[in-house]
>>> print(open('query.txt').read())   # compact mmCIF, C-alpha atoms and all ligand atoms
# COMPACT_ATOMS: atom_id res chain seq x y z
CA MET A 2 -157.40 -206.48 260.11
CA SER A 3 -156.29 -209.75 258.56
CA SER A 4 -155.10 -212.38 261.03
CA LYS A 5 -152.50 -213.39 258.44
CA GLN A 6 -150.48 -210.25 258.97
CA THR A 7 -146.98 -210.93 260.18
CA LEU A 8 -144.82 -208.95 262.48
CA LEU A 9 -141.09 -209.34 262.87
CA ILE A 10 -139.48 -207.98 266.01
CA LEU A 11 -135.72 -207.53 265.87
CA GLU A 12 -134.87 -206.36 269.32
CA GLU A 13 -131.90 -207.05 271.58
CA ASP A 14 -133.44 -206.13 274.89
CA PRO A 15 -135.38 -209.21 276.18
CA THR A 16 -137.78 -207.16 278.35
CA CYS A 17 -138.66 -204.94 275.43
CA GLN A 18 -139.04 -207.99 273.19
CA ARG A 19 -141.52 -209.62 275.55
CA MET A 20 -143.50 -206.46 276.03
CA LEU A 21 -143.79 -205.88 272.25
CA ARG A 22 -144.82 -209.46 271.59
CA ASP A 23 -147.44 -209.51 274.35
CA THR A 24 -148.89 -206.18 273.33
CA LEU A 25 -149.00 -206.78 269.60
CA LYS A 26 -150.10 -210.39 269.47
CA GLU A 27 -153.72 -209.33 269.20
CA LEU A 28 -152.91 -207.50 265.96
CA ALA A 29 -150.58 -209.90 264.17
CA ASN A 30 -148.54 -213.06 264.50
CA PRO A 31 -145.39 -211.76 266.08
CA ILE A 32 -142.08 -213.42 265.33
CA ILE A 33 -139.17 -212.53 267.52
CA ALA A 34 -135.59 -212.63 266.39
CA THR A 35 -133.38 -212.86 269.43
CA PRO A 36 -129.81 -211.61 269.23
CA SER A 37 -128.57 -215.19 269.02
CA SER A 38 -130.66 -216.08 265.98
CA LEU A 39 -128.93 -214.02 263.37
CA GLY A 40 -130.32 -216.35 260.70
CA THR A 41 -133.67 -214.61 261.04
CA LEU A 42 -132.17 -211.70 259.14
CA ASP A 43 -131.82 -213.92 256.10
CA LEU A 44 -135.29 -215.29 256.71
CA ALA A 45 -136.90 -211.85 256.78
CA PRO A 46 -137.27 -211.51 252.98
CA GLY A 47 -138.85 -214.97 252.73
CA MET A 48 -141.31 -214.15 255.50
CA LYS A 49 -142.35 -210.87 253.88
CA PRO A 50 -143.50 -209.43 257.23
CA ASP A 51 -146.09 -206.68 257.11
CA LEU A 52 -144.37 -204.86 259.92
CA ILE A 53 -140.78 -204.93 261.16
CA ILE A 54 -139.87 -203.41 264.50
CA LEU A 55 -136.16 -202.90 264.49
CA GLY A 56 -134.12 -201.94 267.54
CA ILE A 57 -131.58 -199.35 266.53
CA HIS A 58 -128.77 -201.56 267.80
CA ALA A 59 -129.79 -205.01 266.63
CA PHE A 60 -127.27 -207.74 265.90
CA GLY A 61 -124.35 -205.36 266.05
CA PHE A 62 -125.76 -203.46 263.09
CA ILE A 63 -126.72 -199.86 263.30
CA GLY A 64 -130.45 -199.95 262.65
CA TYR A 65 -130.32 -197.50 259.76
CA GLU A 66 -127.99 -199.75 257.79
CA LEU A 67 -130.23 -202.73 258.34
CA CYS A 68 -133.26 -200.68 257.44
CA GLU A 69 -131.59 -199.61 254.19
CA LYS A 70 -130.74 -203.23 253.41
CA PHE A 71 -134.35 -204.22 253.94
CA ARG A 72 -135.58 -201.39 251.76
CA LEU A 73 -133.34 -202.50 248.91
CA ASN A 74 -134.74 -206.01 249.09
CA SER A 75 -137.67 -206.27 246.69
CA ASP A 76 -139.43 -208.79 248.97
CA LEU A 77 -139.51 -206.25 251.80
CA ARG A 78 -140.46 -203.16 249.85
CA THR A 79 -144.03 -203.12 251.08
CA SER A 80 -143.14 -203.97 254.68
CA LYS A 81 -143.57 -201.14 257.14
CA ILE A 82 -140.51 -200.54 259.26
CA ILE A 83 -140.34 -198.93 262.68
CA LEU A 84 -136.97 -198.09 264.19
CA SER A 85 -136.86 -198.03 267.96
CA SER A 86 -134.33 -196.57 270.36
CA THR A 87 -134.14 -195.07 273.83
CA GLN A 88 -133.19 -191.65 272.51
CA TRP A 89 -133.54 -189.78 269.26
CA SER A 90 -131.68 -186.63 268.33
CA PRO A 91 -133.23 -184.59 265.47
CA GLU A 92 -130.35 -185.80 263.21
CA GLU A 93 -131.06 -189.43 264.09
CA ARG A 94 -134.74 -189.00 263.34
CA GLN A 95 -133.88 -187.50 259.97
CA LYS A 96 -131.48 -190.37 259.32
CA SER A 97 -134.12 -192.95 260.15
CA TYR A 98 -136.49 -191.52 257.54
CA GLU A 99 -133.69 -191.27 255.01
CA ALA A 100 -132.96 -194.96 255.60
CA GLY A 101 -136.57 -195.67 254.61
CA ALA A 102 -138.17 -196.17 258.05
CA ASP A 103 -141.88 -195.41 258.24
CA ASP A 104 -141.79 -194.36 261.87
CA TYR A 105 -139.52 -194.26 264.91
CA TRP A 106 -140.28 -195.16 268.52
CA ILE A 107 -138.77 -193.86 271.71
CA LYS A 108 -138.41 -196.57 274.35
CA PRO A 109 -139.92 -197.27 276.80
CA LEU A 110 -143.31 -197.10 275.14
CA LEU A 111 -146.75 -197.13 276.65
CA GLN A 112 -148.79 -200.17 275.65
CA GLU A 113 -151.58 -197.98 274.24
CA GLU A 114 -149.06 -196.18 272.08
CA ILE A 115 -147.58 -199.42 270.76
CA LEU A 116 -151.03 -200.71 269.91
CA ALA A 117 -152.14 -197.50 268.20
CA LYS A 118 -149.00 -197.12 266.08
CA GLY A 119 -148.83 -200.83 265.31
CA ARG A 120 -152.46 -200.88 264.19
CA LEU A 121 -151.96 -197.84 261.99
CA LEU A 122 -148.93 -199.25 260.21
CA LEU A 123 -150.39 -202.73 259.81
CA ASN A 124 -153.49 -201.15 258.27
CA ASP A 125 -151.27 -199.14 255.93
CA ALA A 126 -149.39 -202.29 254.95
CA GLN A 127 -152.66 -204.06 254.19
CA ALA A 128 -153.94 -201.11 252.15
CA GLN A 129 -150.70 -201.05 250.17
CA LYS A 130 -150.99 -204.78 249.48
CA ASN A 131 -154.57 -204.29 248.32
CA THR A 132 -153.63 -201.51 245.91
CA ALA A 133 -150.60 -203.33 244.45
CA PRO A 134 -152.64 -205.22 241.80
CA LEU A 135 -154.42 -201.96 240.93
CA LEU A 136 -151.08 -200.20 240.49
CA LYS A 137 -149.92 -203.03 238.23
CA ALA A 138 -153.10 -202.78 236.16
CA GLN A 139 -152.67 -199.03 235.94
CA ALA A 140 -149.07 -199.50 234.85
CA HIS A 141 -150.23 -201.82 232.09
CA LEU A 142 -152.89 -199.36 230.99
CA THR A 143 -150.33 -196.58 230.92
CA TYR A 144 -148.04 -198.61 228.69
CA THR A 145 -150.92 -199.46 226.35
CA ALA A 146 -151.78 -195.78 226.09
CA GLN A 147 -148.12 -194.98 225.52
CA MET A 148 -148.09 -197.37 222.56
CA LYS A 149 -151.34 -195.86 221.27
CA ALA A 150 -149.82 -192.39 221.53
CA LEU A 151 -146.79 -193.70 219.66
CA GLY A 152 -149.01 -195.01 216.88
CA GLU A 153 -150.69 -191.63 216.65
CA MET A 154 -147.31 -189.95 216.63
CA ALA A 155 -145.91 -192.10 213.84
CA GLY A 156 -147.25 -189.88 211.07
CA GLY A 157 -146.15 -186.80 212.95
CA ILE A 158 -142.66 -188.16 213.52
CA ALA A 159 -142.14 -188.60 209.77
CA HIS A 160 -142.97 -184.92 209.50
CA GLU A 161 -140.70 -183.99 212.43
CA ILE A 162 -137.77 -185.70 210.73
CA ASN A 163 -138.58 -184.72 207.16
CA THR A 164 -138.36 -180.99 207.76
CA PRO A 165 -134.74 -181.01 209.00
CA LEU A 166 -133.82 -183.60 206.33
CA ASN A 167 -135.14 -181.31 203.61
CA THR A 168 -133.08 -178.45 205.01
CA LEU A 169 -130.02 -180.72 205.02
CA LEU A 170 -130.61 -181.68 201.40
CA LEU A 171 -131.04 -178.05 200.41
CA SER A 172 -127.84 -177.02 202.20
CA SER A 173 -125.78 -179.77 200.61
CA GLU A 174 -127.14 -178.86 197.15
CA GLN A 175 -126.14 -175.26 197.79
CA ILE A 176 -122.62 -176.37 198.77
CA GLU A 177 -122.39 -178.40 195.57
CA SER A 178 -123.29 -175.42 193.40
CA LEU A 179 -120.83 -173.23 195.35
CA ILE A 180 -118.12 -175.81 194.55
CA GLN A 181 -119.02 -175.77 190.85
CA GLU A 182 -119.09 -171.98 190.73
CA GLY A 183 -115.78 -171.77 192.72
CA PRO A 184 -113.90 -170.08 194.37
CA ILE A 185 -115.91 -170.97 197.50
CA PRO A 186 -116.96 -168.00 199.67
CA LEU A 187 -115.94 -169.15 203.16
CA GLU A 188 -118.58 -167.15 205.03
CA ALA A 189 -121.41 -168.72 203.01
CA LEU A 190 -119.90 -172.18 203.50
CA LYS A 191 -119.64 -171.60 207.23
CA GLN A 192 -123.30 -170.59 207.47
CA LEU A 193 -124.40 -173.62 205.48
CA THR A 194 -122.43 -176.07 207.60
CA GLN A 195 -123.83 -174.44 210.75
CA THR A 196 -127.35 -174.94 209.42
CA MET A 197 -126.51 -178.55 208.62
CA ASN A 198 -125.13 -179.21 212.10
CA ARG A 199 -128.20 -177.68 213.73
CA ASN A 200 -130.48 -179.91 211.71
CA ILE A 201 -128.42 -183.04 212.34
CA SER A 202 -128.68 -182.36 216.09
CA ARG A 203 -132.41 -181.87 215.70
CA VAL A 204 -132.88 -185.25 213.99
CA SER A 205 -130.71 -187.01 216.55
CA GLY A 206 -132.68 -185.31 219.37
CA ILE A 207 -135.95 -186.58 217.88
CA ILE A 208 -134.58 -190.11 217.53
CA GLN A 209 -133.30 -190.08 221.09
CA ALA A 210 -136.65 -188.88 222.44
CA LEU A 211 -138.39 -191.57 220.42
CA GLN A 212 -136.07 -194.28 221.71
CA THR A 213 -136.79 -193.35 225.31
CA PHE A 214 -140.49 -193.08 224.63
CA CYS A 215 -140.68 -196.58 223.10
CA LYS A 216 -139.40 -198.24 226.26
CA ASP A 217 -141.87 -199.41 228.88
CA SER A 218 -141.27 -196.52 231.21
CA THR A 219 -143.43 -197.79 234.05
CA TYR A 220 -140.41 -198.96 236.01
CA GLU A 221 -138.09 -196.23 234.76
CA PRO A 222 -135.90 -194.92 237.57
CA LEU A 223 -136.38 -191.47 238.98
CA THR A 224 -133.96 -188.93 237.54
CA LEU A 225 -133.20 -185.32 238.29
CA ILE A 226 -133.85 -183.49 235.06
CA PRO A 227 -133.78 -179.78 234.18
CA ALA A 228 -137.33 -178.60 233.46
CA GLN A 229 -136.12 -177.01 230.24
CA GLN A 230 -134.75 -180.34 228.97
CA LEU A 231 -137.97 -182.14 229.86
CA ILE A 232 -140.08 -179.65 227.92
CA GLN A 233 -137.64 -179.76 224.98
CA LYS A 234 -137.83 -183.58 224.85
CA THR A 235 -141.62 -183.34 224.77
CA LEU A 236 -141.63 -180.69 222.07
CA ASP A 237 -139.14 -182.70 219.99
CA LEU A 238 -141.92 -185.23 219.65
CA CYS A 239 -144.71 -182.88 218.66
CA SER A 240 -143.62 -179.40 217.60
CA GLU A 241 -143.63 -180.13 213.85
CA ARG A 242 -147.15 -181.53 214.09
CA LEU A 243 -148.25 -178.35 215.81
CA LYS A 244 -146.48 -176.17 213.24
CA ALA A 245 -148.18 -178.12 210.45
CA LYS A 246 -151.50 -177.04 211.92
CA ASP A 247 -150.27 -173.48 212.37
CA ILE A 248 -150.49 -173.73 216.15
CA LYS A 249 -148.06 -171.40 217.89
CA ILE A 250 -146.26 -172.92 220.83
CA GLN A 251 -144.83 -170.72 223.50
CA VAL A 252 -142.67 -171.88 226.41
CA GLU A 253 -141.96 -169.83 229.49
CA ILE A 254 -139.49 -171.03 232.12
CA PRO A 255 -138.49 -167.96 234.15
CA ASN A 256 -135.83 -169.91 236.06
CA PRO A 257 -133.77 -172.01 233.61
CA GLN A 258 -132.03 -173.73 236.57
CA LEU A 259 -135.25 -175.44 237.70
CA LYS A 260 -134.91 -179.20 238.03
CA LEU A 261 -137.37 -181.87 239.04
CA GLN A 262 -137.03 -185.45 240.14
CA CYS A 263 -139.33 -187.66 238.13
CA GLN A 264 -139.76 -190.55 235.75
CA ALA A 265 -138.95 -188.34 232.78
CA THR A 266 -140.62 -190.46 230.10
CA GLN A 267 -143.81 -190.74 232.11
CA ILE A 268 -143.98 -186.98 232.61
CA THR A 269 -143.19 -186.49 228.90
CA GLN A 270 -146.10 -188.77 228.15
CA LEU A 271 -148.38 -186.80 230.48
CA LEU A 272 -147.39 -183.52 228.81
CA LEU A 273 -147.92 -185.05 225.36
CA HIS A 274 -151.46 -186.03 226.38
CA LEU A 275 -152.15 -182.45 227.49
CA ILE A 276 -150.61 -180.96 224.35
CA THR A 277 -152.51 -183.39 222.10
CA ASN A 278 -155.78 -182.45 223.81
CA ALA A 279 -154.93 -178.77 223.41
CA ARG A 280 -154.10 -179.32 219.74
CA ASP A 281 -157.41 -181.12 219.15
CA ALA A 282 -159.27 -178.30 220.86
CA VAL A 283 -157.73 -175.39 218.94
CA GLN A 284 -156.87 -176.84 215.53
CA PHE A 285 -159.89 -175.35 213.75
CA MET A 286 -159.84 -172.02 215.55
CA LYS A 287 -158.64 -168.74 214.11
CA ASP A 288 -156.33 -167.90 216.96
CA LYS A 289 -154.40 -171.10 217.79
CA TRP A 290 -151.77 -171.25 220.46
CA ILE A 291 -150.52 -173.41 223.27
CA HIS A 292 -148.61 -171.92 226.16
CA ILE A 293 -146.44 -174.01 228.49
CA GLU A 294 -145.19 -172.46 231.68
CA VAL A 295 -142.93 -173.95 234.35
CA THR A 296 -142.69 -172.30 237.74
CA GLN A 297 -141.63 -173.19 241.25
CA LYS A 298 -144.03 -172.88 244.19
CA ASP A 299 -142.32 -173.79 247.48
CA HIS A 300 -141.12 -177.39 247.09
CA PHE A 301 -143.30 -178.01 244.07
CA ILE A 302 -142.90 -177.54 240.35
CA GLU A 303 -145.95 -176.41 238.47
CA ILE A 304 -146.21 -177.04 234.76
CA SER A 305 -149.23 -175.48 233.13
CA VAL A 306 -150.48 -176.18 229.62
CA THR A 307 -152.88 -173.50 228.42
CA ASP A 308 -154.53 -173.32 225.03
CA SER A 309 -156.42 -170.63 223.16
CA GLY A 310 -159.70 -172.53 223.51
CA SER A 311 -162.46 -171.14 225.69
CA PRO A 312 -162.76 -172.81 229.08
CA ILE A 313 -164.28 -176.27 229.28
CA PRO A 314 -167.85 -175.97 230.71
CA LYS A 315 -167.71 -176.31 234.50
CA GLU A 316 -170.54 -178.90 234.46
CA ILE A 317 -168.24 -181.49 232.90
CA HIS A 318 -165.10 -180.74 234.93
CA TYR A 319 -165.81 -183.57 237.35
CA LYS A 320 -165.93 -186.09 234.49
CA LEU A 321 -162.77 -185.02 232.66
CA PHE A 322 -160.47 -187.32 234.57
CA HIS A 323 -162.82 -190.29 234.52
CA PRO A 324 -161.50 -193.15 232.40
CA PHE A 325 -163.27 -193.40 229.03
CA PHE A 326 -164.90 -189.97 229.23
CA THR A 327 -164.55 -188.39 225.80
CA THR A 328 -166.41 -185.85 223.69
CA LYS A 329 -164.50 -186.90 220.59
CA GLU A 330 -165.89 -188.81 217.64
CA ILE A 331 -165.79 -192.59 217.81
CA GLY A 332 -162.30 -193.66 216.84
CA GLN A 333 -160.85 -190.22 217.61
CA GLY A 334 -160.49 -190.48 221.35
CA SER A 335 -160.59 -193.28 223.87
CA GLY A 336 -161.07 -190.97 226.85
CA LEU A 337 -158.00 -192.31 228.61
CA GLY A 338 -155.46 -189.50 228.18
CA LEU A 339 -156.45 -187.44 231.22
CA SER A 340 -157.13 -190.36 233.56
CA ILE A 341 -153.74 -191.87 232.78
CA SER A 342 -152.09 -188.49 233.17
CA LYS A 343 -153.74 -188.03 236.56
CA GLY A 344 -152.43 -191.47 237.56
CA ILE A 345 -148.89 -190.49 236.53
CA ALA A 346 -149.15 -187.25 238.52
CA GLU A 347 -150.35 -189.12 241.61
CA MET A 348 -147.61 -191.71 241.31
CA HIS A 349 -145.23 -188.76 241.57
CA ASN A 350 -146.96 -187.58 244.77
CA GLY A 351 -148.45 -184.76 242.77
CA GLU A 352 -151.71 -183.73 241.18
CA LEU A 353 -153.15 -182.78 237.82
CA LYS A 354 -155.99 -180.32 237.83
CA ILE A 355 -157.91 -178.06 235.55
CA ASP A 356 -157.64 -174.39 236.47
CA ARG A 357 -161.31 -173.60 237.00
CA GLU A 358 -160.87 -169.86 237.12
CA PHE A 359 -158.67 -169.26 234.08
CA LYS A 360 -160.16 -167.53 231.04
CA ASN A 361 -158.85 -170.20 228.64
CA THR A 362 -158.45 -173.95 229.05
CA ARG A 363 -155.57 -174.56 231.40
CA PHE A 364 -154.38 -177.81 232.98
CA VAL A 365 -151.85 -177.61 235.80
CA LEU A 366 -149.49 -180.38 236.87
CA LYS A 367 -148.01 -179.98 240.33
CA ILE A 368 -145.28 -182.33 241.53
CA PRO A 369 -142.78 -182.18 244.37
CA MET A 370 -139.26 -181.30 243.25
CA ASN A 371 -137.95 -184.17 245.36
CA GLN A 372 -139.58 -187.60 245.36
CA LYS A 373 -138.64 -188.79 248.83
CA ASN A 374 -140.87 -191.69 249.95
CA CYS A 375 -142.40 -191.79 246.51
CA PRO A 376 -144.89 -194.65 245.93
CA LEU A 377 -143.19 -195.17 242.55
CA GLU A 378 -140.33 -196.91 244.24
CA ARG A 379 -142.66 -199.36 245.89
CA VAL A 380 -144.67 -200.49 242.84
N1 LIG B 1 -157.51 -178.76 226.18
C1 LIG B 1 -158.78 -179.19 226.12
N2 LIG B 1 -159.74 -178.39 225.59
C2 LIG B 1 -161.04 -178.79 225.54
N3 LIG B 1 -161.48 -179.99 225.99
C3 LIG B 1 -160.56 -180.82 226.52
C4 LIG B 1 -159.17 -180.47 226.62
N4 LIG B 1 -158.54 -181.48 227.23
C5 LIG B 1 -159.45 -182.43 227.46
N5 LIG B 1 -160.66 -182.05 227.05
C6 LIG B 1 -161.92 -182.80 227.16
O1 LIG B 1 -161.70 -183.91 228.03
C7 LIG B 1 -162.05 -185.14 227.38
C8 LIG B 1 -161.21 -186.24 227.92
O2 LIG B 1 -159.85 -186.06 227.55
P1 LIG B 1 -158.89 -187.32 227.48
O3 LIG B 1 -157.56 -186.85 227.08
O4 LIG B 1 -159.02 -188.07 228.76
O5 LIG B 1 -159.54 -188.23 226.37
P2 LIG B 1 -159.61 -187.98 224.80
O6 LIG B 1 -158.68 -186.91 224.40
O7 LIG B 1 -161.04 -187.77 224.46
O8 LIG B 1 -159.13 -189.38 224.24
P3 LIG B 1 -157.61 -189.97 224.28
O9 LIG B 1 -156.77 -189.01 225.04
O10 LIG B 1 -157.73 -191.27 225.00
O11 LIG B 1 -157.23 -190.11 222.87
C9 LIG B 1 -161.86 -184.84 225.91
O12 LIG B 1 -162.63 -185.71 225.09
C10 LIG B 1 -162.35 -183.40 225.82
O13 LIG B 1 -163.75 -183.32 225.80
MG MG B 2 -156.66 -186.98 225.08
>>> encode(input="query.txt", output="structure tokens", more="lines below")
Ligand SMILES: Nc1ncnc2c1ncn2[C@@H]1O[C@H](COP(=O)(O)OP(=O)(O)OP(=O)(O)O)[C@@H](O)[C@H]1O
Ligand SMILES: [Mg+2]
Amino acid sequence: MSSKQTLLILEEDPTCQRMLRDTLKELANPIIATPSSLGTLDLAPGMKPDLIILGIHAFGFIGYELCEKFRLNSDLRTSKIILSSTQWSPEERQKSYEAGADDYWIKPLLQEEILAKGRLLLNDAQAQKNTAPLLKAQAHLTYTAQMKALGEMAGGIAHEINTPLNTLLLSSEQIESLIQEGPIPLEALKQLTQTMNRNISRVSGIIQALQTFCKDSTYEPLTLIPAQQLIQKTLDLCSERLKAKDIKIQVEIPNPQLKLQCQATQITQLLLHLITNARDAVQFMKDKWIHIEVTQKDHFIEISVTDSGSPIPKEIHYKLFHPFFTTKEIGQGSGLGLSISKGIAEMHNGELKIDREFKNTRFVLKIPMNQKNCPLERV
């Protein structure tokens, strides 16, 4: 444990204050804010304490409100917060977690208990501090890979947009000849304009997906997005490329109401990595297909990407997610797609795995539908 760790105690009851300070001084440098020194509240962000112990009724605030304020302050995002009170109803406990507290204490506490919980949370705070630079580096790597994927997509995008543009051109030429032939058959005109509208929407969908994808999505906020929309956004960016290689793409979402809370662009990127790998694996096969399925398992959403390729040999499974592992020709693959995808899954409190038992190659992404206490918000 680092001796530099700081502890801020915001407690109104002087006996409790003293007891906390005396017990915890062997773990950290405790700083007490007495009820009369309200200024300490403003000081808290500057101090960046590793641990804050917050009496539920401190400074006339209700502890949850204060806790929420702290959580919104970027300087206190990595601080661990304990709310303490003499009694906790189940609703209050729930509220304390919703406000962003890491734990709650029931007073009076035994010294051993204070020490054990304090040590645990201070260790957690230290671990989080240690991983922060790694998370930043990972975020940078993800963005670099995103740009690389974009470069690879560029050719494909031209194709994605060209197909609907050609249809538009064809339809407008047909309208022109109908005008010249006159009188205009209304039914034919209606069908042509419908085709045109569909294709205009398609182009605008592709451009929208591209615009979102170009942004650095590392710090993108979490959004609640229908699974169907997420898959559609992903396919908007690659379906023409797959069609060009005669790869059939099949999507199965038994429950169209399914929604998930995620950084949508990051998950799109993850799915694009899986689809690109699947495309590379099946492109020269006779039977080429990719199957995407979205299902709900308890509080998790599972998105599987299966391709018609035979399963990847079990001996190399353990290496698949290692950075820079690739079986592709030099210049074809950097071996980063799966490791970055795994990172994105983990940032969403989820996991990305290969289905070891399936008869084809199948990767499964599992993420919680709700991202409460997600590490994403603390990057
Ligand atoms: N669907 C798949 N079918 C067969 N092998 C796969 C599949 N997905 C991944 N692999 C194997 O896993 C390796 C690592 O994949 P990963 O996406 O990390 O890197 P890459 O595709 O080689 O390069 P990059 O994604 O950086 O362009 C691939 O080189 C390939 O051997
Ligand atoms: Mg790849």
>>> residues_near_ligand(input="query.txt", ligand="ligand MG 2 (chain B)", cutoff="8 Å", atoms="all atoms listed in the file", output="MDAnalysis selection string")
chainID A and resid 274:275 277:278 334:339
>>> closest_residue(input="query.txt", among="A:Pro324, A:Gly101, A:Pro255, A:Gly47", to="ligand LIG 1 (chain B)", atoms="all atoms listed in the file")
A:Pro324
>>> closest_residue(input="query.txt", among="A:Thr164, A:Ser340, A:Gln258, A:Gln195", to="A:Pro227", atoms="only C-alpha atoms")
A:Gln258
>>> axis_aligned_box(input="query.txt", around="ligand LIG 1 (chain B)", padding_each_side="3 Å", output="lines of an AutoDock Vina configuration file")
center_x = -160.3
center_y = -184.8
center_z = 225.8
size_x = 13.0
size_y = 18.9
size_z = 11.9
>>> residues_near_ligand(input="query.txt", ligand="ligand LIG 1 (chain B)", cutoff="10 Å", atoms="only C-alpha atoms and all ligand atoms", output="MDAnalysis selection string")
chainID A and resid 146 149:150 153 271 273:283 291 306:314 317:318 320:343 355 361:364
>>> write_last_selection(input="query.txt", atoms="C-alpha atoms", output="compact mmCIF listing (two decimals), keeping the file's coordinate frame")
# COMPACT_ATOMS: atom_id res chain seq x y z
CA ALA A 146 -151.78 -195.78 226.09
CA LYS A 149 -151.34 -195.86 221.27
CA ALA A 150 -149.82 -192.39 221.53
CA GLU A 153 -150.69 -191.63 216.65
CA LEU A 271 -148.38 -186.80 230.48
CA LEU A 273 -147.92 -185.05 225.36
CA HIS A 274 -151.46 -186.03 226.38
CA LEU A 275 -152.15 -182.45 227.49
CA ILE A 276 -150.61 -180.96 224.35
CA THR A 277 -152.51 -183.39 222.10
CA ASN A 278 -155.78 -182.45 223.81
CA ALA A 279 -154.93 -178.77 223.41
CA ARG A 280 -154.10 -179.32 219.74
CA ASP A 281 -157.41 -181.12 219.15
CA ALA A 282 -159.27 -178.30 220.86
CA VAL A 283 -157.73 -175.39 218.94
CA ILE A 291 -150.52 -173.41 223.27
CA VAL A 306 -150.48 -176.18 229.62
CA THR A 307 -152.88 -173.50 228.42
CA ASP A 308 -154.53 -173.32 225.03
CA SER A 309 -156.42 -170.63 223.16
CA GLY A 310 -159.70 -172.53 223.51
CA SER A 311 -162.46 -171.14 225.69
CA PRO A 312 -162.76 -172.81 229.08
CA ILE A 313 -164.28 -176.27 229.28
CA PRO A 314 -167.85 -175.97 230.71
CA ILE A 317 -168.24 -181.49 232.90
CA HIS A 318 -165.10 -180.74 234.93
CA LYS A 320 -165.93 -186.09 234.49
CA LEU A 321 -162.77 -185.02 232.66
CA PHE A 322 -160.47 -187.32 234.57
CA HIS A 323 -162.82 -190.29 234.52
CA PRO A 324 -161.50 -193.15 232.40
CA PHE A 325 -163.27 -193.40 229.03
CA PHE A 326 -164.90 -189.97 229.23
CA THR A 327 -164.55 -188.39 225.80
CA THR A 328 -166.41 -185.85 223.69
CA LYS A 329 -164.50 -186.90 220.59
CA GLU A 330 -165.89 -188.81 217.64
CA ILE A 331 -165.79 -192.59 217.81
CA GLY A 332 -162.30 -193.66 216.84
CA GLN A 333 -160.85 -190.22 217.61
CA GLY A 334 -160.49 -190.48 221.35
CA SER A 335 -160.59 -193.28 223.87
CA GLY A 336 -161.07 -190.97 226.85
CA LEU A 337 -158.00 -192.31 228.61
CA GLY A 338 -155.46 -189.50 228.18
CA LEU A 339 -156.45 -187.44 231.22
CA SER A 340 -157.13 -190.36 233.56
CA ILE A 341 -153.74 -191.87 232.78
CA SER A 342 -152.09 -188.49 233.17
CA LYS A 343 -153.74 -188.03 236.56
CA ILE A 355 -157.91 -178.06 235.55
CA ASN A 361 -158.85 -170.20 228.64
CA THR A 362 -158.45 -173.95 229.05
CA ARG A 363 -155.57 -174.56 231.40
CA PHE A 364 -154.38 -177.81 232.98
>>> residues_near_point(input="query.txt", point="(-139.8, -188.0, 240.8)", cutoff="6 Å", atoms="all atoms listed in the file", output="ChimeraX atom specification")
/A:223,262-264,349,372
>>> closest_residue(input="query.txt", among="A:Thr24, A:Ser305, A:Thr266, A:Gln251", to="A:Arg120", atoms="all atoms listed in the file")
A:Thr24
>>> atom_distance(input="query.txt", atom1="atom CA of A:Glu69", atom2="atom CA of A:Trp89")
18.1 Å
>>> residues_around(input="query.txt", residues="stretch 14-20 of chain A", least_positions_apart="3", cutoff="8 Å", atoms="all atoms listed in the file", output="PDB file with C-alpha atoms, in the frame of the given file")
ATOM      1  CA  ILE A  10    -139.480-207.980 266.010  1.00  0.00           C
ATOM      2  CA  ASP A  23    -147.440-209.510 274.350  1.00  0.00           C
ATOM      3  CA  THR A  24    -148.890-206.180 273.330  1.00  0.00           C
ATOM      4  CA  ILE A  33    -139.170-212.530 267.520  1.00  0.00           C
ATOM      5  CA  THR A  35    -133.380-212.860 269.430  1.00  0.00           C
ATOM      6  CA  PRO A 109    -139.920-197.270 276.800  1.00  0.00           C
TER       7      PRO A 109
END
>>> atom_distance(input="query.txt", atom1="atom CA of A:Asp356", atom2="atom CA of A:Glu253")
17.8 Å
>>> closest_residue(input="query.txt", among="A:Lys360, A:Lys315, A:Lys234, A:Lys81", to="A:Asn124", atoms="only C-alpha atoms")
A:Lys81
>>> residues_around(input="query.txt", residues="A:Pro31", least_positions_apart="2", cutoff="10 Å", atoms="only C-alpha atoms", output="NGL selection string")
:A and (6-10 or 21-29 or 33-34 or 50 or 52-53)
>>> write_last_selection(input="query.txt", atoms="C-alpha atoms", output="compact mmCIF listing (two decimals), in the frame of the given file")
# COMPACT_ATOMS: atom_id res chain seq x y z
CA GLN A 6 -150.48 -210.25 258.97
CA THR A 7 -146.98 -210.93 260.18
CA LEU A 8 -144.82 -208.95 262.48
CA LEU A 9 -141.09 -209.34 262.87
CA ILE A 10 -139.48 -207.98 266.01
CA LEU A 21 -143.79 -205.88 272.25
CA ARG A 22 -144.82 -209.46 271.59
CA ASP A 23 -147.44 -209.51 274.35
CA THR A 24 -148.89 -206.18 273.33
CA LEU A 25 -149.00 -206.78 269.60
CA LYS A 26 -150.10 -210.39 269.47
CA GLU A 27 -153.72 -209.33 269.20
CA LEU A 28 -152.91 -207.50 265.96
CA ALA A 29 -150.58 -209.90 264.17
CA ILE A 33 -139.17 -212.53 267.52
CA ALA A 34 -135.59 -212.63 266.39
CA PRO A 50 -143.50 -209.43 257.23
CA LEU A 52 -144.37 -204.86 259.92
CA ILE A 53 -140.78 -204.93 261.16
